[in-house]
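Below is my_file.txt, which holds compact mmCIF, C-alpha atoms and all ligand atoms.
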# COMPACT_ATOMS: atom_id res chain seq x y z
CA MET A 361 -12.72 10.76 -38.25
CA PRO A 362 -9.15 11.92 -38.92
CA LYS A 363 -8.67 13.66 -42.24
CA ARG A 364 -6.94 11.44 -44.81
CA ARG A 365 -3.74 12.62 -46.36
CA ARG A 366 -4.18 13.54 -50.01
CA ILE A 367 -1.21 12.33 -52.02
CA TYR A 368 -2.15 13.53 -55.50
CA GLU A 369 -5.09 15.10 -57.34
CA GLY A 370 -5.51 14.62 -61.08
CA LYS A 371 -8.24 15.69 -63.47
CA ALA A 372 -10.58 12.76 -62.80
CA LYS A 373 -9.21 11.08 -59.68
CA ILE A 374 -7.69 11.75 -56.26
CA LEU A 375 -5.18 9.48 -54.51
CA TYR A 376 -5.28 9.29 -50.71
CA GLU A 377 -2.96 7.56 -48.31
CA GLY A 378 -4.04 3.92 -47.86
CA PRO A 379 -4.69 1.95 -44.66
CA GLU A 380 -1.34 0.13 -44.83
CA PRO A 381 2.10 1.09 -46.13
CA GLY A 382 2.35 0.44 -49.86
CA THR A 383 -1.38 1.01 -50.44
CA LEU A 384 -3.39 4.00 -51.64
CA ILE A 385 -7.05 4.83 -52.06
CA GLN A 386 -8.09 5.90 -55.55
CA PHE A 387 -11.18 8.16 -55.56
CA PHE A 388 -13.14 8.66 -58.80
CA LYS A 389 -14.41 12.22 -59.28
CA ASP A 390 -17.36 13.29 -61.45
CA ASP A 391 -15.21 15.76 -63.37
CA ALA A 392 -15.03 15.34 -67.12
CA THR A 393 -12.23 17.21 -68.86
CA ALA A 394 -10.90 17.27 -72.40
CA PHE A 395 -8.18 19.02 -74.37
CA ASN A 396 -6.07 19.31 -71.24
CA LYS A 397 -8.85 20.81 -69.13
CA LYS A 398 -9.79 23.51 -71.67
CA LYS A 399 -13.22 21.85 -71.53
CA HIS A 400 -14.43 20.93 -68.06
CA GLU A 401 -17.79 19.83 -66.67
CA VAL A 402 -19.03 17.91 -63.68
CA ILE A 403 -21.17 14.95 -64.77
CA ASP A 404 -23.07 13.68 -61.77
CA GLY A 405 -22.50 9.94 -61.38
CA LYS A 406 -19.62 9.48 -63.84
CA GLY A 407 -17.15 8.65 -61.05
CA VAL A 408 -19.39 5.89 -59.72
CA LEU A 409 -19.71 4.29 -63.16
CA ASN A 410 -15.99 4.50 -63.94
CA ASN A 411 -15.13 3.02 -60.54
CA ARG A 412 -17.40 0.01 -61.27
CA ILE A 413 -16.32 -0.45 -64.89
CA SER A 414 -12.62 -0.15 -64.05
CA GLU A 415 -13.02 -2.57 -61.13
CA HIS A 416 -14.68 -5.10 -63.45
CA ILE A 417 -11.88 -4.85 -66.03
CA PHE A 418 -8.97 -4.86 -63.55
CA THR A 419 -10.45 -7.83 -61.65
CA HIS A 420 -10.62 -9.85 -64.87
CA LEU A 421 -7.11 -8.80 -65.90
CA ASN A 422 -5.78 -9.88 -62.48
CA GLN A 423 -7.59 -13.21 -62.94
CA ILE A 424 -5.87 -13.92 -66.26
CA GLY A 425 -2.45 -13.10 -64.83
CA ILE A 426 -1.95 -9.53 -66.00
CA PRO A 427 -0.48 -7.70 -63.01
CA THR A 428 -2.32 -4.54 -61.94
CA HIS A 429 -2.29 -2.12 -59.02
CA PHE A 430 -5.92 -2.99 -58.17
CA ILE A 431 -6.66 -4.72 -54.85
CA ARG A 432 -10.40 -4.22 -54.33
CA ARG A 433 -13.23 -1.74 -54.59
CA LEU A 434 -14.06 -0.12 -51.24
CA ASN A 435 -17.28 1.73 -52.00
CA MET A 436 -19.16 3.58 -54.76
CA ARG A 437 -16.28 5.91 -55.54
CA GLU A 438 -13.13 4.39 -54.10
CA GLN A 439 -10.81 1.49 -54.63
CA LEU A 440 -7.84 0.18 -52.69
CA ILE A 441 -4.74 0.00 -54.86
CA ARG A 442 -1.05 -0.77 -54.51
CA GLU A 443 1.26 2.21 -54.52
CA VAL A 444 3.38 2.19 -57.66
CA GLU A 445 5.86 4.57 -59.25
CA ILE A 446 3.98 5.81 -62.31
CA ILE A 447 6.00 5.74 -65.53
CA PRO A 448 5.45 9.19 -67.10
CA LEU A 449 4.03 7.77 -70.34
CA GLU A 450 0.56 7.21 -71.73
CA VAL A 451 0.48 4.06 -73.83
CA VAL A 452 -2.20 4.14 -76.53
CA VAL A 453 -3.26 1.02 -78.44
CA ARG A 454 -5.29 1.47 -81.63
CA ASN A 455 -7.26 -1.10 -83.62
CA VAL A 456 -9.36 1.25 -85.73
CA ALA A 457 -8.44 4.75 -86.96
CA ALA A 458 -9.96 7.59 -84.92
CA GLY A 459 -9.12 10.77 -83.04
CA SER A 460 -5.60 12.13 -83.25
CA LEU A 461 -4.37 9.31 -85.54
CA SER A 462 -7.03 10.14 -88.13
CA LYS A 463 -6.18 13.83 -87.88
CA ARG A 464 -2.41 13.36 -88.01
CA LEU A 465 -2.28 10.83 -90.85
CA GLY A 466 -5.47 11.68 -92.76
CA ILE A 467 -7.02 8.24 -92.31
CA ALA A 468 -10.82 8.20 -92.16
CA GLU A 469 -12.29 7.45 -88.74
CA GLY A 470 -13.54 3.86 -88.69
CA GLU A 471 -10.93 2.41 -91.03
CA VAL A 472 -9.63 -0.84 -89.58
CA LEU A 473 -5.85 -0.60 -89.13
CA PRO A 474 -3.60 -3.16 -90.86
CA ARG A 475 -2.53 -4.25 -87.38
CA SER A 476 -2.84 -2.93 -83.84
CA ILE A 477 -0.58 0.07 -83.31
CA ILE A 478 1.06 1.09 -80.03
CA GLU A 479 1.99 4.73 -79.41
CA PHE A 480 3.68 6.49 -76.50
CA TYR A 481 2.87 9.97 -75.20
CA TYR A 482 4.91 11.86 -72.59
CA LYS A 483 2.69 12.69 -69.59
CA LYS A 484 3.21 16.41 -69.24
CA ASP A 485 0.14 18.66 -69.02
CA GLU A 486 2.15 21.84 -69.73
CA LEU A 487 3.12 20.33 -73.10
CA ASP A 488 -0.30 18.74 -73.84
CA ASP A 489 1.15 15.20 -73.62
CA PRO A 490 3.26 15.11 -76.82
CA MET A 491 3.77 11.88 -78.74
CA VAL A 492 7.28 10.46 -78.24
CA SER A 493 9.32 7.60 -79.69
CA GLU A 494 11.32 4.85 -77.98
CA GLU A 495 14.40 6.97 -78.71
CA HIS A 496 13.07 9.82 -76.56
CA ILE A 497 11.95 7.43 -73.83
CA THR A 498 15.35 5.76 -73.43
CA ALA A 499 17.44 8.90 -74.04
CA PHE A 500 15.59 10.86 -71.35
CA GLY A 501 15.45 7.86 -69.00
CA TRP A 502 11.65 7.67 -68.68
CA ALA A 503 11.86 3.89 -69.13
CA SER A 504 14.59 1.39 -70.02
CA PRO A 505 14.54 -0.80 -73.16
CA PRO A 506 13.44 -3.92 -71.19
CA GLU A 507 10.70 -1.86 -69.52
CA ILE A 508 9.49 -0.71 -72.95
CA ASP A 509 9.36 -4.37 -74.02
CA ASP A 510 7.32 -5.22 -70.89
CA MET A 511 4.97 -2.27 -71.48
CA MET A 512 4.40 -3.28 -75.09
CA SER A 513 3.74 -6.92 -74.31
CA LEU A 514 1.33 -5.97 -71.51
CA ALA A 515 -0.40 -3.52 -73.87
CA VAL A 516 -0.87 -6.27 -76.49
CA ARG A 517 -2.25 -8.75 -73.94
CA ILE A 518 -4.60 -6.13 -72.51
CA ASN A 519 -5.78 -5.22 -76.02
CA ASP A 520 -6.52 -8.86 -76.86
CA PHE A 521 -8.41 -9.40 -73.63
CA LEU A 522 -10.37 -6.13 -73.79
CA SER A 523 -11.26 -6.55 -77.48
CA GLY A 524 -12.85 -9.92 -76.65
CA LEU A 525 -14.54 -8.67 -73.48
CA PHE A 526 -16.16 -5.74 -75.30
CA LEU A 527 -17.00 -7.78 -78.41
CA GLY A 528 -19.01 -10.10 -76.17
CA ALA A 529 -20.95 -7.02 -75.08
CA GLY A 530 -21.62 -5.88 -78.66
CA ILE A 531 -18.98 -3.14 -78.46
CA ARG A 532 -15.99 -2.51 -80.71
CA LEU A 533 -12.77 -1.47 -78.93
CA VAL A 534 -11.45 1.23 -81.28
CA ASP A 535 -8.55 2.37 -79.11
CA PHE A 536 -7.58 2.94 -75.48
CA LYS A 537 -4.97 4.50 -73.23
CA ILE A 538 -3.22 2.85 -70.30
CA GLU A 539 -0.71 3.93 -67.69
CA LEU A 540 1.83 1.62 -66.13
CA GLY A 541 3.78 1.74 -62.90
CA ARG A 542 6.74 0.12 -61.19
CA LEU A 543 5.74 -2.08 -58.27
CA PHE A 544 8.58 -2.67 -55.80
CA GLU A 545 8.43 -5.90 -53.76
CA GLY A 546 11.59 -6.35 -51.69
CA ASP A 547 14.48 -6.39 -54.15
CA MET A 548 12.17 -7.09 -57.04
CA MET A 549 10.47 -4.63 -59.36
CA ARG A 550 7.82 -5.35 -61.97
CA ILE A 551 5.74 -3.29 -64.33
CA VAL A 552 2.02 -3.37 -63.57
CA LEU A 553 -1.08 -1.78 -65.05
CA ALA A 554 -2.15 1.30 -63.04
CA ASP A 555 -4.68 4.16 -63.25
CA GLU A 556 -8.06 3.11 -64.73
CA ILE A 557 -9.66 1.59 -67.80
CA SER A 558 -13.10 3.09 -68.42
CA PRO A 559 -15.09 4.86 -71.15
CA ASP A 560 -12.97 7.93 -70.22
CA SER A 561 -9.85 6.20 -71.52
CA CYS A 562 -11.23 4.03 -74.36
CA ARG A 563 -13.07 4.58 -77.62
CA LEU A 564 -16.02 2.21 -77.61
CA TRP A 565 -18.43 1.95 -80.55
CA ASP A 566 -21.62 -0.05 -80.76
CA ILE A 567 -20.79 -3.00 -83.01
CA LYS A 568 -23.95 -2.63 -85.14
CA THR A 569 -24.53 1.13 -85.31
CA ASP A 570 -21.03 2.56 -84.63
CA GLU A 571 -22.68 4.78 -82.02
CA LYS A 572 -20.09 6.27 -79.66
CA MET A 573 -20.27 5.00 -76.08
CA ASP A 574 -17.27 6.84 -74.61
CA LYS A 575 -15.81 10.23 -73.68
CA ASP A 576 -15.94 11.42 -77.31
CA ARG A 577 -19.62 12.18 -76.55
CA PHE A 578 -18.31 14.86 -74.17
CA ARG A 579 -15.26 15.92 -76.25
CA ARG A 580 -17.49 16.41 -79.31
CA ASP A 581 -20.51 17.92 -77.51
CA MET A 582 -22.79 15.06 -78.51
CA GLY A 583 -24.61 14.76 -75.17
CA GLY A 584 -25.74 11.49 -73.59
CA MET A 585 -22.37 10.71 -71.99
CA LEU A 586 -23.70 9.32 -68.74
CA GLU A 587 -26.36 7.22 -70.52
CA ALA A 588 -23.64 5.78 -72.77
CA TYR A 589 -21.41 4.89 -69.78
CA ARG A 590 -24.41 3.30 -68.07
CA GLU A 591 -25.11 1.25 -71.20
CA VAL A 592 -21.47 0.04 -71.24
CA ALA A 593 -21.82 -1.02 -67.60
CA ASN A 594 -25.12 -2.80 -68.27
CA ARG A 595 -23.77 -4.65 -71.28
CA LEU A 596 -20.75 -5.80 -69.27
CA GLY A 597 -23.20 -7.21 -66.73
CA ILE A 598 -22.25 -4.76 -64.01
CA MET A 599 -25.36 -3.84 -62.16
CA ASN A 600 -26.48 -2.07 -59.10
CA GLU A 601 -26.05 -4.21 -55.97
CA ASN A 602 -29.66 -3.47 -55.03
CA GLU A 603 -30.95 -4.73 -58.35
CA PRO A 604 -32.45 -8.24 -58.36
CA ILE A 605 -30.45 -10.82 -60.31
CA ARG A 606 -32.07 -11.22 -63.71
CA GLY A 607 -32.58 -14.55 -65.50
CA LYS A 608 -34.99 -17.39 -64.93
CA GLY A 609 -32.64 -20.37 -64.75
CA PRO A 610 -32.12 -23.04 -67.39
CA VAL A 611 -34.56 -23.36 -70.26
CA LEU A 612 -35.08 -26.50 -72.36
CA VAL A 613 -34.02 -25.54 -75.89
CA SER A 614 -34.51 -28.74 -77.85
CA SER A 615 -35.76 -32.25 -77.10
CA ASN A 616 -34.96 -34.07 -80.32
CA ASP A 617 -34.28 -37.75 -79.55
CA ASP A 618 -32.21 -38.98 -82.45
P1 LIG B 701 -6.37 10.29 -79.28
O1 LIG B 701 -6.93 9.74 -80.55
O2 LIG B 701 -6.97 11.60 -78.88
O3 LIG B 701 -4.86 10.33 -79.31
O4 LIG B 701 -6.77 9.25 -78.12
C1 LIG B 701 -6.41 7.91 -78.15
C2 LIG B 701 -7.04 7.16 -76.98
O5 LIG B 701 -6.50 7.59 -75.75
C3 LIG B 701 -8.55 7.35 -76.86
O6 LIG B 701 -9.12 6.11 -76.47
C4 LIG B 701 -8.73 8.35 -75.76
C5 LIG B 701 -7.52 8.11 -74.89
N1 LIG B 701 -7.00 9.32 -74.27
C6 LIG B 701 -6.94 9.42 -72.90
O7 LIG B 701 -7.36 8.51 -72.19
N2 LIG B 701 -6.42 10.55 -72.35
C7 LIG B 701 -5.94 11.57 -73.09
O8 LIG B 701 -5.46 12.54 -72.53
C8 LIG B 701 -5.99 11.45 -74.53
C9 LIG B 701 -5.48 12.56 -75.41
C10 LIG B 701 -6.53 10.31 -75.06
N1 LIG B 702 -7.91 13.66 -70.32
C1 LIG B 702 -7.44 14.79 -71.06
C2 LIG B 702 -7.93 16.10 -70.46
O1 LIG B 702 -8.46 16.18 -69.45
C3 LIG B 702 -7.76 14.74 -72.52
C4 LIG B 702 -8.79 13.84 -73.09
O2 LIG B 702 -9.13 12.79 -72.54
O3 LIG B 702 -9.29 14.17 -74.18
O4 LIG B 702 -7.79 17.14 -70.97
Once you've parsed the file, please lay out its structure as structure tokens.
Amino acid sequence: MPKRRRIYEGKAKILYEGPEPGTLIQFFKDDATAFNKKKHEVIDGKGVLNNRISEHIFTHLNQIGIPTHFIRRLNMREQLIREVEIIPLEVVVRNVAAGSLSKRLGIAEGEVLPRSIIEFYYKKDELDDPMVSEEHITAFGWASPPEIDDMMSLAVRINDFLSGLFLGAGIRLVDFKIELGRLFEGDMMRIVLADEISPDSCRLWDIKTDEKMDKDRFRRDMGGMLEAYREVANRLGIMNENEPIRGKGPVLVSSNDD
């Protein structure tokens, strides 16, 4: 088999040339990194889980009309995606105080924010992805004012959808990070969701116990990362293709005749 051309390798994923022009293959690695790779481990099976969880989320987002780069999952570790021009920003949406917001502003982790907050970070490993404002983004030409508007409205829609999706699985969506890209179609360009959405890029807490079900388990040396990711997948109803479908069909709940 001819060797595929590798287009880009990041910390958790590799992008290969796709089968047709304008497509790429996104490969999910098992590498877990934090603090800009100062902490690095290989967690056997993480890539498979993130591929499945991200596929599930992107498929649903596509179905409700939120444009994404996702076309389809190809196998355990790969998905076919549209090639986009990645905007060099990480967009973080927060519903509950945690992580760097708690540290920066001295707000206790777990405090519900007065409203959802959107933040921008400049994607630059050498600088540890510094937080930037709309002023920086427009002055340095990373995105235009209408593109910022598009990114913010997509971020809000994604937050609403994901909050509901996870709530239905008994999980609180504390915060998450997304990346967006420009998709060129003829003379047209639109901003679409790119990258991945998985427990690597979200903070997910069990709704009853506040137990962490995301990459903080790795960042904070808590252990049980893979088990937590597996639990997220199970609760979202994503299961192994070889597993029998559970459920016994309809059950009569009540037969009151008045
Ligand atoms: P933070 O509290 O560390 O700023 O993280 C906010 C959210 O963004 C959290 O859900 C984790 C996610 N995140 C990433 O996906 N990649 C990163 O490089 C960082 C720093 C955070
Ligand atoms: N993804 C970043 C890294 O690899 C940071 C993080 O998620 O905490 O360092």
CA of Ser513 in chain A to CA of Glu369 in chain A, distance in Å rounded to a single decimal =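 So the answer is 29.2 Å.
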Pick the closest to ligand LIG 702 (chain B) from A:Ala392, A:Val592, A:Ile424, A:Ala468: which is it, counting only C-alpha atoms and all ligand atoms?
->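 Ranking A:Ala392, A:Val592, A:Ile424, A:Ala468 by distance to ligand LIG 702 (chain B), first place goes to A:Ala392.
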With all atoms listed in the file as the atoms that count, which of A:Leu449, A:Val456, A:Ala515, A:Leu473 lies nearest to Val492 in chain A?
-> A:Leu449
Per residue of chain A within 8 Å of ligand LIG 702 (chain B), note the shortest atom pair and the distance in Å to one decimal, counting all atoms listed in the file, and order the rows by chain and increasing residue number, as a Markdown table.
| residue | atom | partner | partner_atom | distance |
| --- | --- | --- | --- | --- |
| A:Lys371 | CA | B:LIG702 | O1 | 6.0 |
| A:Ala372 | CA | B:LIG702 | O1 | 7.8 |
| A:Ala392 | CA | B:LIG702 | O1 | 7.0 |
| A:Thr393 | CA | B:LIG702 | O1 | 4.0 |
| A:Ala394 | CA | B:LIG702 | O4 | 3.4 |
| A:Phe395 | CA | B:LIG702 | O4 | 3.9 |
| A:Asn396 | CA | B:LIG702 | O4 | 2.8 |
| A:Lys397 | CA | B:LIG702 | O4 | 4.2 |
| A:Lys398 | CA | B:LIG702 | O4 | 6.7 |
| A:Lys399 | CA | B:LIG702 | O4 | 7.2 |
| A:His400 | CA | B:LIG702 | O1 | 7.8 |
| A:Asp560 | CA | B:LIG702 | O2 | 6.6 |
| A:Ser561 | CA | B:LIG702 | O2 | 6.7 |
| A:Lys575 | CA | B:LIG702 | O2 | 7.2 |
| A:Asp576 | CA | B:LIG702 | O3 | 7.8 |
| A:Arg579 | CA | B:LIG702 | O3 | 6.6 |
For Asp574 in chain A, which residue out of A:Ile598, A:Ile551, A:Gly528, A:Lys406 is the nearest one, using only C-alpha atoms?
-> A:Lys406
Name the residues in contact with Ala457 in chain A at a cut-off of 6 Å, using all atoms listed in the file, excluding same-chain residues fewer than 4 positions from it; report them as a JSON list (two decimals) with C-alpha atoms, in the frame of the given file.
[["chain", "number", "residue", "atom", "x", "y", "z"],
["A", 462, "SER", "CA", -7.03, 10.14, -88.13],
["A", 469, "GLU", "CA", -12.29, 7.45, -88.74],
["A", 470, "GLY", "CA", -13.54, 3.86, -88.69],
["A", 471, "GLU", "CA", -10.93, 2.41, -91.03]]
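Put simply, CA of Met549 in chain A is 17.7 Å away from CA of Ile431 in chain A.
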Can you pull out every residue within 10 Å of Ile557 in chain A, counting only C-alpha atoms, but drop anything in the same chain fewer than 6 positions away, and send it as a PyMOL selection string?
-> chain A and resi 410-411+413-418+522+536-539
Given the choices A:Gln423, A:Asn519, A:Asn435, A:Gln386, which gets closest to ligand LIG 701 (chain B) if the distance is worked out from only C-alpha atoms and all ligand atoms?
-> A:Asn519
Residue among A:Leu543, A:Asp520, A:Gly466, A:Leu525 lying closest to Thr383 in chain A, counting only C-alpha atoms = A:Leu543
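Neighbours of range 425-429 of chain A closer than or equal to 9 Å, with only C-alpha atoms counted and sequence neighbours fewer than 5 positions away skipped, come out as A:Phe418, A:Thr419, A:His420, A:Leu440, A:Ile441, A:Arg442, A:Glu443, A:Val444, A:Leu514, A:Arg517, A:Ile518, A:Leu540, A:Gly541, A:Leu543, A:Arg550, A:Ile551, A:Val552, A:Leu553, A:Ala554, A:Asp555.
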For ligand LIG 701 (chain B), which of A:Ser460, A:Thr569, A:Gln439, A:Ser558 is the closest residue, counting all atoms listed in the file?
-> A:Ser460
Selection: 12 Å around Thr498 in chain A, only C-alpha atoms, excl. self and same-chain fewer than 5 positions, as a VMD selection string = chain A and resid 449 492 to 493 503 to 509
Output C-alpha atoms for every residue in the selection just made, as a PDB file, in the frame of the given file.
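Saved the output as result00.pdb:
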ATOM      1  CA  LEU A 449       4.030   7.770 -70.340  1.00  0.00           C
ATOM      2  CA  VAL A 492       7.280  10.460 -78.240  1.00  0.00           C
ATOM      3  CA  SER A 493       9.320   7.600 -79.690  1.00  0.00           C
ATOM      4  CA  ALA A 503      11.860   3.890 -69.130  1.00  0.00           C
ATOM      5  CA  SER A 504      14.590   1.390 -70.020  1.00  0.00           C
ATOM      6  CA  PRO A 505      14.540  -0.800 -73.160  1.00  0.00           C
ATOM      7  CA  PRO A 506      13.440  -3.920 -71.190  1.00  0.00           C
ATOM      8  CA  GLU A 507      10.700  -1.860 -69.520  1.00  0.00           C
ATOM      9  CA  ILE A 508       9.490  -0.710 -72.950  1.00  0.00           C
ATOM     10  CA  ASP A 509       9.360  -4.370 -74.020  1.00  0.00           C
TER      11      ASP A 509
END
Kindly give the distance, in Å, that separates CA of Val516 in chain A and CA of Val451 in chain A, rounded to a single decimal.
->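 Those two atoms sit 10.8 Å apart.
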Take every atom of range 454-462 of chain A listed in the file, pad by 5 Å on each side, and give me the axis-aligned box centre and edge lengths in Å, one decimal, as JSON.
{"center_x": -7.2, "center_y": 5.5, "center_z": -84.9, "size_x": 15.6, "size_y": 23.2, "size_z": 16.5}
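The neighbours of Leu586 in chain A here are the residues that come within 9 Å of it, using all atoms listed in the file and leaving out any residue fewer than 6 positions away in the same chain; they are Ile403, Asp404, Gly405, Lys406 and Leu409 of chain A.
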Written coordinates, N, CA, C and O atoms of range 403-414 of chain A as a CSV table (one decimal), in the first residue's frame:
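For reference, selection09.csv as written:
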chain,number,residue,atom,x,y,z
A,403,ILE,N,-1.8,6.7,26.7
A,403,ILE,CA,-2.9,6.0,27.4
A,403,ILE,C,-3.6,5.1,26.3
A,403,ILE,O,-4.3,5.6,25.5
A,404,ASP,N,-3.2,3.8,26.4
A,404,ASP,CA,-3.7,2.9,25.4
A,404,ASP,C,-5.2,2.9,25.3
A,404,ASP,O,-5.9,2.6,26.3
A,405,GLY,N,-5.7,3.2,24.1
A,405,GLY,CA,-7.2,3.2,23.9
A,405,GLY,C,-7.8,4.5,23.9
A,405,GLY,O,-9.0,4.7,23.5
A,406,LYS,N,-7.1,5.6,24.3
A,406,LYS,CA,-7.7,6.9,24.4
A,406,LYS,C,-8.2,7.4,23.0
A,406,LYS,O,-9.2,8.0,22.9
A,407,GLY,N,-7.3,7.2,22.0
A,407,GLY,CA,-7.6,7.7,20.7
A,407,GLY,C,-8.9,7.1,20.1
A,407,GLY,O,-9.7,7.7,19.5
A,408,VAL,N,-9.1,5.8,20.4
A,408,VAL,CA,-10.3,5.1,19.9
A,408,VAL,C,-11.5,5.7,20.6
A,408,VAL,O,-12.5,6.0,19.9
A,409,LEU,N,-11.5,6.0,21.9
A,409,LEU,CA,-12.6,6.5,22.6
A,409,LEU,C,-12.9,8.0,22.1
A,409,LEU,O,-14.1,8.3,21.8
A,410,ASN,N,-11.9,8.8,21.9
A,410,ASN,CA,-12.1,10.2,21.5
A,410,ASN,C,-12.6,10.2,20.0
A,410,ASN,O,-13.4,11.0,19.7
A,411,ASN,N,-12.1,9.3,19.2
A,411,ASN,CA,-12.7,9.2,17.8
A,411,ASN,C,-14.2,9.0,17.9
A,411,ASN,O,-14.9,9.6,17.2
A,412,ARG,N,-14.6,8.0,18.7
A,412,ARG,CA,-16.0,7.6,18.8
A,412,ARG,C,-16.9,8.8,19.4
A,412,ARG,O,-17.9,9.1,18.9
A,413,ILE,N,-16.3,9.3,20.5
A,413,ILE,CA,-17.1,10.4,21.2
A,413,ILE,C,-17.2,11.6,20.2
A,413,ILE,O,-18.3,12.2,20.1
A,414,SER,N,-16.1,12.0,19.6
A,414,SER,CA,-16.1,13.2,18.7
A,414,SER,C,-17.0,12.9,17.5
A,414,SER,O,-17.8,13.8,17.1
